[in-house]
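Notes for the one structure printed next.
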Amino acid sequence: GAVVSQHPSWVICKSGTSVKIECRSLDFQATTMFWYRQFPKQSLMLMATSNEGSKATYEQGVEKDKFLINHASLTLSTLTVTSAHPEDSSFYICSARGSGRAGETQYFGPGTRLLVL
Amino acid sequence: SQQGEEDPQALSIQEGENATMNCSYKTSINNLQWYRQNSGRGLVHLILIRSNEREKHSGRLRVTLDTSKKSSSLLITASRAADTASYFCATDAGWDYKLSFGAGTTVTVRA
């Protein structure tokens with residue numbers, strides 16, 4: 001199946017700093033990428049949808065100035081958590097889909113665990 | 001937003017037994033997908049079943065879909081210790097390919 005990578009897999013930062021997470025589709029062109037957040041023992045909550053070359057669409061309740069998303073190419077999307085605070089500590093997962101009927105399936109990255117001290 | 005509910009929340013079985021988990025949803029869908037997540041890892045896609053399909057198989061996995069009841073089930077036959085994971089159903093209900101995830105079922109397979 002298609003491969004999606006995320007970098008870094010782990011990040012620990014001080015409160016107030018910004019953290020950038022990269023999501024790459026390695027063997028296909030991703031028409032759309034999605035960013036999710038997952039708290040321990042809970043399900044995934046969609047944060048935003050990212051289409052290449054256009055602005056991201058954020059879900060209700062997600063601060064777009066807090067979570068900056070850039071989808072500069074068909075294989076790369078980035079999520080920047082700005083001025084991170086301890087409550088932003090979470091597991092962030094991206095997914096990517098191709099085009100056409102193959103795009104029905106989302107392929108997920110391995111996730112990035114963020115700990116804000 | 002989440003529209004799926006899964007039951008049971010947790011399931012513990014002996015190796016070799018079958019595991020069945022169910023997913024219910026609220027709105028009409030384009031397709032329903034099942035994913036597996038090992039602890040602290042990303043999600044692995046298992047099966048996609050479209051709204052006009054009733055049953056699909058993939059190896060030891062069998063998925064059914066009943067759109068009249070707005071429910072789906074995932075059966076894992078002859079379970080192995082490596083099947084220990086959380087299983088999520090996700091529904092695709094719109095034009096934008098967004099997925100709405102259920103709460104998940106945690107499966108523990110005892111050796």
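Chain lettering (A, B, ...) mirrors the order of the structure tokens, residue numbering begins at 1 for each chain separately, and ligand numbering begins at 1 in order of display.
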*Kindly determine which residues of chain B lie within 7 Å of chain A, considering only C-alpha atoms, and give the answer as a PyMOL selection string.*
chain B and resi 1+41-45+97+101-104
*Between CA of Ser89 (chain A) and CA of Lys98 (chain B), distance in Å (one decimal)*: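 That distance, rounded to one decimal, is 23.9 Å.
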*List every residue of region 24-59 of chain A that DSSP, applied to the backbone of this structure, assigns to strand (DSSP E), and report them as a VMD selection string.*
chain A and resid 24 to 25 32 to 38 44 to 51 57 to 58
*Separation of CA of Arg50 (chain B) and CA of Glu6 (chain B), in Å?*
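Here the two named atoms are 18.6 Å from each other.
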_CA of Ala2 (chain A) to CA of Thr64 (chain B), straight-line distance in Å_ = 24.5 Å
*For Asp83 (chain B), work out the shell of residues within 8 Å, counting only C-alpha atoms and skipping chain neighbours fewer than 4 positions away, then give it as a list in words.*
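The residues satisfying every condition are Ser79, Val107, Thr108 and Val109 of chain B.
By chain and then residue number, the residues within 12 Å of Lys26 (chain B) are B:Ser1, B:Gln2, B:Gln3, B:Gly4, B:Glu5, B:Thr67, B:Ser68, B:Lys69, B:Lys70, B:Ser71, B:Ser72, B:Ala90, B:Thr91, B:Asp92, B:Ala93, B:Ser100, B:Phe101, B:Gly102, counting only C-alpha atoms and disregarding those fewer than 4 positions away in sequence.
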Residue selection dump (N, CA and C atoms) as a compact mmCIF listing (two decimals), in the first residue's frame:
# COMPACT_ATOMS: atom_id res chain seq x y z
N SER B 1 -16.05 15.64 13.18
CA SER B 1 -16.97 15.19 14.22
C SER B 1 -17.10 13.68 14.14
N GLN B 2 -17.43 13.05 15.23
CA GLN B 2 -17.53 11.60 15.25
C GLN B 2 -18.96 11.21 15.05
N GLN B 3 -19.19 10.26 14.17
CA GLN B 3 -20.56 9.78 14.05
C GLN B 3 -20.64 8.30 14.33
N GLY B 4 -19.49 7.63 14.48
CA GLY B 4 -19.54 6.20 14.70
C GLY B 4 -19.44 5.83 16.15
N GLU B 5 -20.14 4.78 16.48
CA GLU B 5 -20.00 4.21 17.82
C GLU B 5 -19.63 2.76 17.64
N THR B 67 -26.73 -1.14 5.51
CA THR B 67 -27.05 0.30 5.44
C THR B 67 -28.44 0.59 5.99
N SER B 68 -29.31 -0.42 6.00
CA SER B 68 -30.66 -0.17 6.56
C SER B 68 -30.59 0.00 8.07
N LYS B 69 -29.64 -0.67 8.69
CA LYS B 69 -29.45 -0.55 10.13
C LYS B 69 -28.33 0.43 10.47
N LYS B 70 -27.66 0.94 9.44
CA LYS B 70 -26.53 1.84 9.64
C LYS B 70 -25.51 1.19 10.59
N SER B 71 -25.10 0.00 10.20
CA SER B 71 -24.14 -0.68 11.05
C SER B 71 -23.20 -1.54 10.21
N SER B 72 -22.05 -1.82 10.79
CA SER B 72 -21.05 -2.65 10.15
C SER B 72 -20.41 -3.53 11.22
N ALA B 90 -14.46 3.97 10.31
CA ALA B 90 -14.50 5.37 9.88
C ALA B 90 -15.45 5.47 8.70
N THR B 91 -16.31 6.46 8.73
CA THR B 91 -17.27 6.62 7.65
C THR B 91 -16.93 7.84 6.79
N ASP B 92 -17.14 7.64 5.50
CA ASP B 92 -16.96 8.71 4.51
C ASP B 92 -18.37 9.05 4.04
N ALA B 93 -18.84 10.23 4.42
CA ALA B 93 -20.25 10.54 4.17
C ALA B 93 -20.48 11.72 3.25
N SER B 100 -15.01 10.20 9.46
CA SER B 100 -15.46 10.38 10.84
C SER B 100 -15.24 9.06 11.55
N PHE B 101 -14.46 9.10 12.61
CA PHE B 101 -14.04 7.88 13.29
C PHE B 101 -14.92 7.52 14.47
N GLY B 102 -15.09 6.21 14.66
CA GLY B 102 -15.73 5.72 15.85
C GLY B 102 -14.76 5.75 17.02
_Given only C-alpha atoms as the basis, pick out the residue of A:Thr82, A:Thr31, A:Ser77, A:Asn51 nearest to Thr17 (chain A)._
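Counting only C-alpha atoms, the residue closest to Thr17 (chain A) is A:Thr82.
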*Top pick for closest residue to Ala72 (chain A), considering A:Cys23, A:Ala84, A:Val116, A:Val11 and counting only C-alpha atoms*: A:Cys23
*May I have the residues within 12 Å of Gly94 (chain B) as a list in words, using only C-alpha atoms and disregarding those fewer than 5 positions away in the same chain?*
Glu104 of chain A; Thr27, Ser28, Ile29, Asn30, Asn31, Leu32, Leu99 and Ser100 of chain B
